[in-house]
Amino acid sequence: MEVSVYVEPWMRGTHEDVPAVGRAVLHALELALDDISKWTAGLTDAEVHAQPLGLPAVAFHLRHIARSVDRILSYAEGNQLTPEQLTALKAEQIGNETLAELMAEVEASFSNAADRVRVLATADFNTFRGVGRKQLPASIGGALIHVADHTQRHVGQVVTTAKVLVALRQ
């Protein structure tokens, strides 16, 4: 019986048509989805909304991951947030979606992001982008990298919370 060895996205030879920085962002999103899928598998819908030991719920992190990717890419594209994005931001702490619904939101967000990252990957990364009402200084490249690092940060929190939830079952 042959054992399948996991190969991280950055070593799969994918997205060769995308310049390196954009390719790295795409690989980070794929790794995020792999990790989220692995560590949330088997959690109940109730567990996904639980806050063990006061930790933020997995559900919050999944909503935040999906919606923050959209917001950060909006800034990278030179846009300000829409009223819909602001409403979604304010609702990240609440909800009663199933794990399947939350995963579908993350997957849809990452699919949309992949198309946007492919376009942004060909831009001048040093192009100024103002973030928020205060127009805090950023750049296209900075925003692209932040999509990857911010997503990975929250995935780590999903993994930790999922491990705590499983440990508390015993």
# chains A, B, ... in the order shown; residues from 1 in each chain; ligands from 1
call {"tool": "closest_atom_pairs", "arguments": {"of": "stretch 90-164 of chain A", "to": "stretch 57-60 of chain A", "cutoff": "8 Å", "atoms": "only C-alpha atoms", "output": "Markdown table"}}
result
| residue | atom | partner | partner_atom | distance |
| --- | --- | --- | --- | --- |
| A:Glu92 | CA | A:Phe60 | CA | 5.9 |
| A:Gln93 | CA | A:Phe60 | CA | 5.5 |
| A:Ile94 | CA | A:Phe60 | CA | 7.4 |
| A:Glu97 | CA | A:Ala59 | CA | 7.9 |
| A:Leu99 | CA | A:Ala59 | CA | 7.6 |
| A:Leu102 | CA | A:Ala59 | CA | 7.0 |
| A:Gln157 | CA | A:Val58 | CA | 7.9 |
| A:Val158 | CA | A:Val58 | CA | 5.4 |
| A:Thr161 | CA | A:Val58 | CA | 6.6 |
| A:Ala162 | CA | A:Val58 | CA | 7.2 |
call {"tool": "write_last_selection", "arguments": {"atoms": "C-alpha atoms", "output": "PDB file, in the first residue's frame"}}
result
ATOM      1  CA  GLU A  92     -17.873  38.871  11.957  1.00  0.00           C
ATOM      2  CA  GLN A  93     -18.406  38.187  15.669  1.00  0.00           C
ATOM      3  CA  ILE A  94     -21.962  36.902  15.238  1.00  0.00           C
ATOM      4  CA  GLU A  97     -23.656  29.165  10.251  1.00  0.00           C
ATOM      5  CA  LEU A  99     -19.125  24.541   9.489  1.00  0.00           C
ATOM      6  CA  LEU A 102     -18.398  28.776   6.843  1.00  0.00           C
ATOM      7  CA  GLN A 157      -5.588  30.489  15.637  1.00  0.00           C
ATOM      8  CA  VAL A 158      -8.133  28.154  14.012  1.00  0.00           C
ATOM      9  CA  THR A 161      -8.674  26.491  18.951  1.00  0.00           C
ATOM     10  CA  ALA A 162      -9.575  23.278  17.129  1.00  0.00           C
TER      11      ALA A 162
END
call {"tool": "residues_around", "arguments": {"residues": "A:Phe128", "least_positions_apart": "5", "cutoff": "7 Å", "atoms": "only C-alpha atoms", "output": "ChimeraX atom specification"}}
result
/A:137-140
call {"tool": "write_last_selection", "arguments": {"atoms": "C-alpha atoms", "output": "compact mmCIF listing (two decimals), in the first residue's frame"}}
result
# COMPACT_ATOMS: atom_id res chain seq x y z
CA PRO A 137 0.26 54.44 3.76
CA ALA A 138 0.56 51.06 2.11
CA SER A 139 1.39 49.70 -1.32
CA ILE A 140 0.06 47.11 -3.72
call {"tool": "select_by_dssp", "arguments": {"residues": "stretch 19-160 of chain A", "states": "helix (DSSP H, G or I)", "output": "JSON, numbers by chain"}}
result
{"A": [20, 21, 22, 23, 24, 25, 26, 27, 28, 29, 30, 31, 32, 33, 34, 35, 36, 37, 38, 39, 40, 45, 46, 47, 48, 49, 52, 53, 54, 58, 59, 60, 61, 62, 63, 64, 65, 66, 67, 68, 69, 70, 71, 72, 73, 74, 75, 76, 83, 84, 85, 86, 87, 88, 89, 90, 99, 100, 101, 102, 103, 104, 105, 106, 107, 108, 109, 110, 111, 112, 113, 114, 115, 116, 117, 118, 119, 120, 140, 141, 142, 143, 144, 145, 146, 147, 148, 149, 150, 151, 152, 153, 154, 155, 156, 157, 158, 159, 160]}
call {"tool": "atom_distance", "arguments": {"atom1": "atom CA of A:Lys38", "atom2": "atom CA of A:Gly13"}}
result
21.7 Å
call {"tool": "residues_around", "arguments": {"residues": "A:Tyr6", "least_positions_apart": "2", "cutoff": "12 Å", "atoms": "only C-alpha atoms", "output": "ChimeraX atom specification"}}
result
/A:3-4,8-12,31,34-35,38
call {"tool": "residues_around", "arguments": {"residues": "A:Thr127", "least_positions_apart": "4", "cutoff": "12 Å", "atoms": "only C-alpha atoms", "output": "CSV table (one decimal) with N, CA, C and O atoms, in the first residue's frame"}}
result
chain,number,residue,atom,x,y,z
A,75,TYR,N,-8.3,47.3,-0.9
A,75,TYR,CA,-7.3,48.3,-0.8
A,75,TYR,C,-6.2,48.2,-1.8
A,75,TYR,O,-5.7,49.2,-2.4
A,76,ALA,N,-5.7,47.0,-2.0
A,76,ALA,CA,-4.7,46.7,-3.0
A,76,ALA,C,-5.1,47.3,-4.4
A,76,ALA,O,-4.3,47.8,-5.2
A,77,GLU,N,-6.4,47.1,-4.7
A,77,GLU,CA,-6.9,47.6,-6.0
A,77,GLU,C,-7.1,49.1,-6.0
A,77,GLU,O,-7.5,49.6,-7.1
A,78,GLY,N,-6.9,49.8,-4.9
A,78,GLY,CA,-7.1,51.2,-4.9
A,78,GLY,C,-8.5,51.7,-4.5
A,78,GLY,O,-8.8,52.8,-4.7
A,120,LEU,N,-3.3,41.7,-9.8
A,120,LEU,CA,-2.4,42.5,-9.0
A,120,LEU,C,-1.0,42.1,-9.1
A,120,LEU,O,-0.1,42.9,-9.0
A,122,THR,N,0.8,41.5,-11.5
A,122,THR,CA,1.5,42.2,-12.6
A,122,THR,C,1.7,43.7,-12.5
A,122,THR,O,2.2,44.3,-13.3
A,123,ALA,N,1.2,44.2,-11.3
A,123,ALA,CA,1.3,45.6,-11.1
A,123,ALA,C,2.6,46.0,-10.5
A,123,ALA,O,3.4,45.2,-10.1
A,137,PRO,N,-0.6,54.8,4.9
A,137,PRO,CA,0.3,54.4,3.8
A,137,PRO,C,0.5,52.9,3.6
A,137,PRO,O,0.9,52.3,4.6
A,138,ALA,N,0.3,52.5,2.5
A,138,ALA,CA,0.6,51.1,2.1
A,138,ALA,C,0.9,51.0,0.6
A,138,ALA,O,1.0,52.1,0.0
A,139,SER,N,1.1,49.9,0.1
A,139,SER,CA,1.4,49.7,-1.3
A,139,SER,C,0.7,48.5,-1.8
A,139,SER,O,0.2,47.6,-1.0
A,140,ILE,N,0.7,48.3,-3.1
A,140,ILE,CA,0.1,47.1,-3.7
A,140,ILE,C,0.8,45.9,-3.2
A,140,ILE,O,0.2,44.9,-2.7
A,141,GLY,N,2.1,45.9,-3.2
A,141,GLY,CA,2.9,44.8,-2.7
A,141,GLY,C,2.7,44.5,-1.3
A,141,GLY,O,2.5,43.3,-0.9
A,142,GLY,N,2.6,45.5,-0.5
A,142,GLY,CA,2.4,45.4,1.0
A,142,GLY,C,1.1,44.7,1.2
A,142,GLY,O,0.9,43.9,2.1
A,143,ALA,N,0.0,45.2,0.5
A,143,ALA,CA,-1.3,44.6,0.7
A,143,ALA,C,-1.3,43.1,0.2
A,143,ALA,O,-1.9,42.3,0.9
A,144,LEU,N,-0.7,42.8,-0.9
A,144,LEU,CA,-0.6,41.4,-1.3
A,144,LEU,C,0.0,40.5,-0.2
A,144,LEU,O,-0.5,39.5,0.1
call {"tool": "atom_distance", "arguments": {"atom1": "atom CA of A:Leu165", "atom2": "atom CA of A:Asn96"}}
result
17.6 Å
call {"tool": "closest_residue", "arguments": {"among": "A:Leu55, A:Ala46, A:Ser68, A:Thr98", "to": "A:His150", "atoms": "only C-alpha atoms"}}
result
A:Ser68
call {"tool": "atom_distance", "arguments": {"atom1": "atom CA of A:Ala88", "atom2": "atom CA of A:His146"}}
result
19.6 Å
call {"tool": "residues_around", "arguments": {"residues": "A:Leu26", "least_positions_apart": "3", "cutoff": "10 Å", "atoms": "only C-alpha atoms", "output": "MDAnalysis selection string"}}
result
chainID A and resid 9:10 14:15 18 20:23 29:32 110:111 113:115 117:118 144 147:148
call {"tool": "write_last_selection", "arguments": {"atoms": "N, CA and C atoms", "output": "PDB file, in the first residue's frame"}}
result
ATOM      1  N   PRO A   9       1.637  23.522  -0.986  1.00  0.00           N
ATOM      2  CA  PRO A   9       1.327  24.149  -2.282  1.00  0.00           C
ATOM      3  C   PRO A   9       2.516  24.786  -2.995  1.00  0.00           C
ATOM      4  N   TRP A  10       3.424  25.403  -2.260  1.00  0.00           N
ATOM      5  CA  TRP A  10       4.538  26.091  -2.911  1.00  0.00           C
ATOM      6  C   TRP A  10       5.504  25.139  -3.596  1.00  0.00           C
ATOM      7  N   THR A  14       2.662  24.679  -9.194  1.00  0.00           N
ATOM      8  CA  THR A  14       1.440  25.299  -9.726  1.00  0.00           C
ATOM      9  C   THR A  14       1.604  26.804  -9.885  1.00  0.00           C
ATOM     10  N   HIS A  15       0.721  27.374 -10.651  1.00  0.00           N
ATOM     11  CA  HIS A  15       0.642  28.829 -10.884  1.00  0.00           C
ATOM     12  C   HIS A  15       1.926  29.397 -11.483  1.00  0.00           C
ATOM     13  N   VAL A  18       2.073  32.883 -13.000  1.00  0.00           N
ATOM     14  CA  VAL A  18       1.904  34.064 -12.145  1.00  0.00           C
ATOM     15  C   VAL A  18       3.274  34.479 -11.613  1.00  0.00           C
ATOM     16  N   ALA A  20       6.267  35.658  -9.182  1.00  0.00           N
ATOM     17  CA  ALA A  20       6.600  35.011  -7.910  1.00  0.00           C
ATOM     18  C   ALA A  20       5.812  35.518  -6.709  1.00  0.00           C
ATOM     19  N   VAL A  21       5.667  36.818  -6.544  1.00  0.00           N
ATOM     20  CA  VAL A  21       4.964  37.334  -5.363  1.00  0.00           C
ATOM     21  C   VAL A  21       3.497  36.911  -5.392  1.00  0.00           C
ATOM     22  N   GLY A  22       2.844  37.068  -6.513  1.00  0.00           N
ATOM     23  CA  GLY A  22       1.453  36.642  -6.635  1.00  0.00           C
ATOM     24  C   GLY A  22       1.309  35.146  -6.447  1.00  0.00           C
ATOM     25  N   ARG A  23       2.256  34.397  -6.993  1.00  0.00           N
ATOM     26  CA  ARG A  23       2.247  32.939  -6.850  1.00  0.00           C
ATOM     27  C   ARG A  23       2.353  32.560  -5.366  1.00  0.00           C
ATOM     28  N   LEU A  29      -2.787  31.004   0.267  1.00  0.00           N
ATOM     29  CA  LEU A  29      -4.230  30.781   0.391  1.00  0.00           C
ATOM     30  C   LEU A  29      -4.560  29.295   0.271  1.00  0.00           C
ATOM     31  N   GLU A  30      -3.874  28.595  -0.626  1.00  0.00           N
ATOM     32  CA  GLU A  30      -4.094  27.149  -0.755  1.00  0.00           C
ATOM     33  C   GLU A  30      -3.667  26.412   0.517  1.00  0.00           C
ATOM     34  N   LEU A  31      -2.537  26.799   1.086  1.00  0.00           N
ATOM     35  CA  LEU A  31      -2.079  26.191   2.331  1.00  0.00           C
ATOM     36  C   LEU A  31      -3.078  26.470   3.448  1.00  0.00           C
ATOM     37  N   ALA A  32      -3.592  27.690   3.486  1.00  0.00           N
ATOM     38  CA  ALA A  32      -4.598  28.051   4.494  1.00  0.00           C
ATOM     39  C   ALA A  32      -5.818  27.142   4.384  1.00  0.00           C
ATOM     40  N   PHE A 110     -11.579  32.726  -1.343  1.00  0.00           N
ATOM     41  CA  PHE A 110     -10.266  32.402  -1.908  1.00  0.00           C
ATOM     42  C   PHE A 110     -10.329  32.266  -3.427  1.00  0.00           C
ATOM     43  N   SER A 111     -11.421  31.756  -3.946  1.00  0.00           N
ATOM     44  CA  SER A 111     -11.576  31.638  -5.401  1.00  0.00           C
ATOM     45  C   SER A 111     -11.631  33.025  -6.036  1.00  0.00           C
ATOM     46  N   ALA A 113     -10.454  35.723  -4.666  1.00  0.00           N
ATOM     47  CA  ALA A 113      -9.148  36.340  -4.422  1.00  0.00           C
ATOM     48  C   ALA A 113      -8.120  35.897  -5.451  1.00  0.00           C
ATOM     49  N   ALA A 114      -8.170  34.638  -5.853  1.00  0.00           N
ATOM     50  CA  ALA A 114      -7.184  34.130  -6.806  1.00  0.00           C
ATOM     51  C   ALA A 114      -7.224  34.921  -8.103  1.00  0.00           C
ATOM     52  N   ASP A 115      -8.413  35.223  -8.584  1.00  0.00           N
ATOM     53  CA  ASP A 115      -8.535  36.022  -9.811  1.00  0.00           C
ATOM     54  C   ASP A 115      -7.969  37.419  -9.605  1.00  0.00           C
ATOM     55  N   VAL A 117      -5.719  38.401  -7.309  1.00  0.00           N
ATOM     56  CA  VAL A 117      -4.270  38.332  -7.082  1.00  0.00           C
ATOM     57  C   VAL A 117      -3.542  38.187  -8.412  1.00  0.00           C
ATOM     58  N   ARG A 118      -4.086  37.391  -9.319  1.00  0.00           N
ATOM     59  CA  ARG A 118      -3.451  37.221 -10.629  1.00  0.00           C
ATOM     60  C   ARG A 118      -3.304  38.559 -11.354  1.00  0.00           C
ATOM     61  N   LEU A 144      -0.660  42.822  -0.859  1.00  0.00           N
ATOM     62  CA  LEU A 144      -0.625  41.414  -1.297  1.00  0.00           C
ATOM     63  C   LEU A 144       0.032  40.524  -0.244  1.00  0.00           C
ATOM     64  N   VAL A 147      -2.245  39.979   2.714  1.00  0.00           N
ATOM     65  CA  VAL A 147      -3.283  38.967   2.492  1.00  0.00           C
ATOM     66  C   VAL A 147      -2.755  37.608   2.958  1.00  0.00           C
ATOM     67  N   ALA A 148      -1.528  37.299   2.588  1.00  0.00           N
ATOM     68  CA  ALA A 148      -0.947  36.003   2.951  1.00  0.00           C
ATOM     69  C   ALA A 148      -0.650  35.915   4.438  1.00  0.00           C
TER      70      ALA A 148
END
call {"tool": "select_by_dssp", "arguments": {"residues": "stretch 15-156 of chain A", "states": "strand (DSSP E)", "output": "ChimeraX atom specification"}}
result
/A:128-131,136-139
call {"tool": "write_last_selection", "arguments": {"atoms": "C-alpha atoms", "output": "mmCIF file, in the first residue's frame"}}
result
data_model
loop_
_atom_site.group_PDB
_atom_site.id
_atom_site.type_symbol
_atom_site.label_atom_id
_atom_site.label_comp_id
_atom_site.auth_asym_id
_atom_site.auth_seq_id
_atom_site.Cartn_x
_atom_site.Cartn_y
_atom_site.Cartn_z
ATOM 1 C CA PHE A 128 0.838 53.727 -3.141
ATOM 2 C CA ARG A 129 -2.429 52.553 -1.662
ATOM 3 C CA GLY A 130 -4.204 54.440 1.120
ATOM 4 C CA VAL A 131 -5.882 52.229 3.689
ATOM 5 C CA LEU A 136 -2.703 55.057 6.064
ATOM 6 C CA PRO A 137 0.262 54.437 3.763
ATOM 7 C CA ALA A 138 0.555 51.063 2.108
ATOM 8 C CA SER A 139 1.391 49.700 -1.321
#
call {"tool": "residues_around", "arguments": {"residues": "A:Ser109", "least_positions_apart": "4", "cutoff": "8 Å", "atoms": "only C-alpha atoms", "output": "list in words"}}
result
Ala66, Arg67, Val69, Asp70, Glu105 and Ala113 of chain A
call {"tool": "write_last_selection", "arguments": {"atoms": "N, CA and C atoms", "output": "CSV table (one decimal), in the first residue's frame"}}
result
chain,number,residue,atom,x,y,z
A,66,ALA,N,-12.2,35.0,5.5
A,66,ALA,CA,-12.9,35.2,4.2
A,66,ALA,C,-13.1,36.6,3.9
A,67,ARG,N,-13.6,37.4,4.9
A,67,ARG,CA,-13.9,38.8,4.6
A,67,ARG,C,-12.8,39.7,4.6
A,69,VAL,N,-9.7,39.0,3.5
A,69,VAL,CA,-9.1,38.8,2.3
A,69,VAL,C,-9.7,39.8,1.2
A,70,ASP,N,-11.0,39.8,1.2
A,70,ASP,CA,-11.7,40.7,0.3
A,70,ASP,C,-11.4,42.2,0.6
A,105,GLU,N,-17.9,29.8,2.5
A,105,GLU,CA,-17.6,31.2,2.5
A,105,GLU,C,-16.1,31.4,2.3
A,113,ALA,N,-10.5,35.7,-4.7
A,113,ALA,CA,-9.1,36.3,-4.4
A,113,ALA,C,-8.1,35.9,-5.5
call {"tool": "residues_around", "arguments": {"residues": "A:Gln85", "least_positions_apart": "4", "cutoff": "10 Å", "atoms": "only C-alpha atoms", "output": "CSV table (one decimal) with N, CA and C atoms, in the first residue's frame"}}
result
chain,number,residue,atom,x,y,z
A,67,ARG,N,-13.6,37.4,4.9
A,67,ARG,CA,-13.9,38.8,4.6
A,67,ARG,C,-12.8,39.7,4.6
A,68,SER,N,-11.7,39.4,5.4
A,68,SER,CA,-10.6,40.3,5.4
A,68,SER,C,-9.8,40.2,4.1
A,70,ASP,N,-11.0,39.8,1.2
A,70,ASP,CA,-11.7,40.7,0.3
A,70,ASP,C,-11.4,42.2,0.6
A,71,ARG,N,-11.4,42.6,1.9
A,71,ARG,CA,-11.1,44.0,2.2
A,71,ARG,C,-9.7,44.4,1.8
A,74,SER,N,-9.3,44.8,-1.8
A,74,SER,CA,-10.0,46.1,-2.2
A,74,SER,C,-9.0,47.2,-2.1
A,80,GLN,N,-11.8,51.9,-1.7
A,80,GLN,CA,-12.2,52.0,-0.3
A,80,GLN,C,-13.2,50.9,-0.1
A,81,LEU,N,-13.5,50.6,1.2
A,81,LEU,CA,-14.5,49.6,1.5
A,81,LEU,C,-15.9,50.1,1.1
A,89,LEU,N,-18.0,43.3,8.0
A,89,LEU,CA,-17.0,43.4,9.0
A,89,LEU,C,-17.6,43.5,10.4
A,90,LYS,N,-18.6,44.3,10.6
A,90,LYS,CA,-19.3,44.4,11.9
A,90,LYS,C,-20.0,43.2,12.3
A,91,ALA,N,-20.3,42.3,11.4
A,91,ALA,CA,-21.0,41.0,11.7
A,91,ALA,C,-20.1,39.8,11.9
call {"tool": "closest_residue", "arguments": {"among": "A:Thr40, A:Glu47, A:Val7, A:Gly132", "to": "A:Val155", "atoms": "only C-alpha atoms"}}
result
A:Thr40
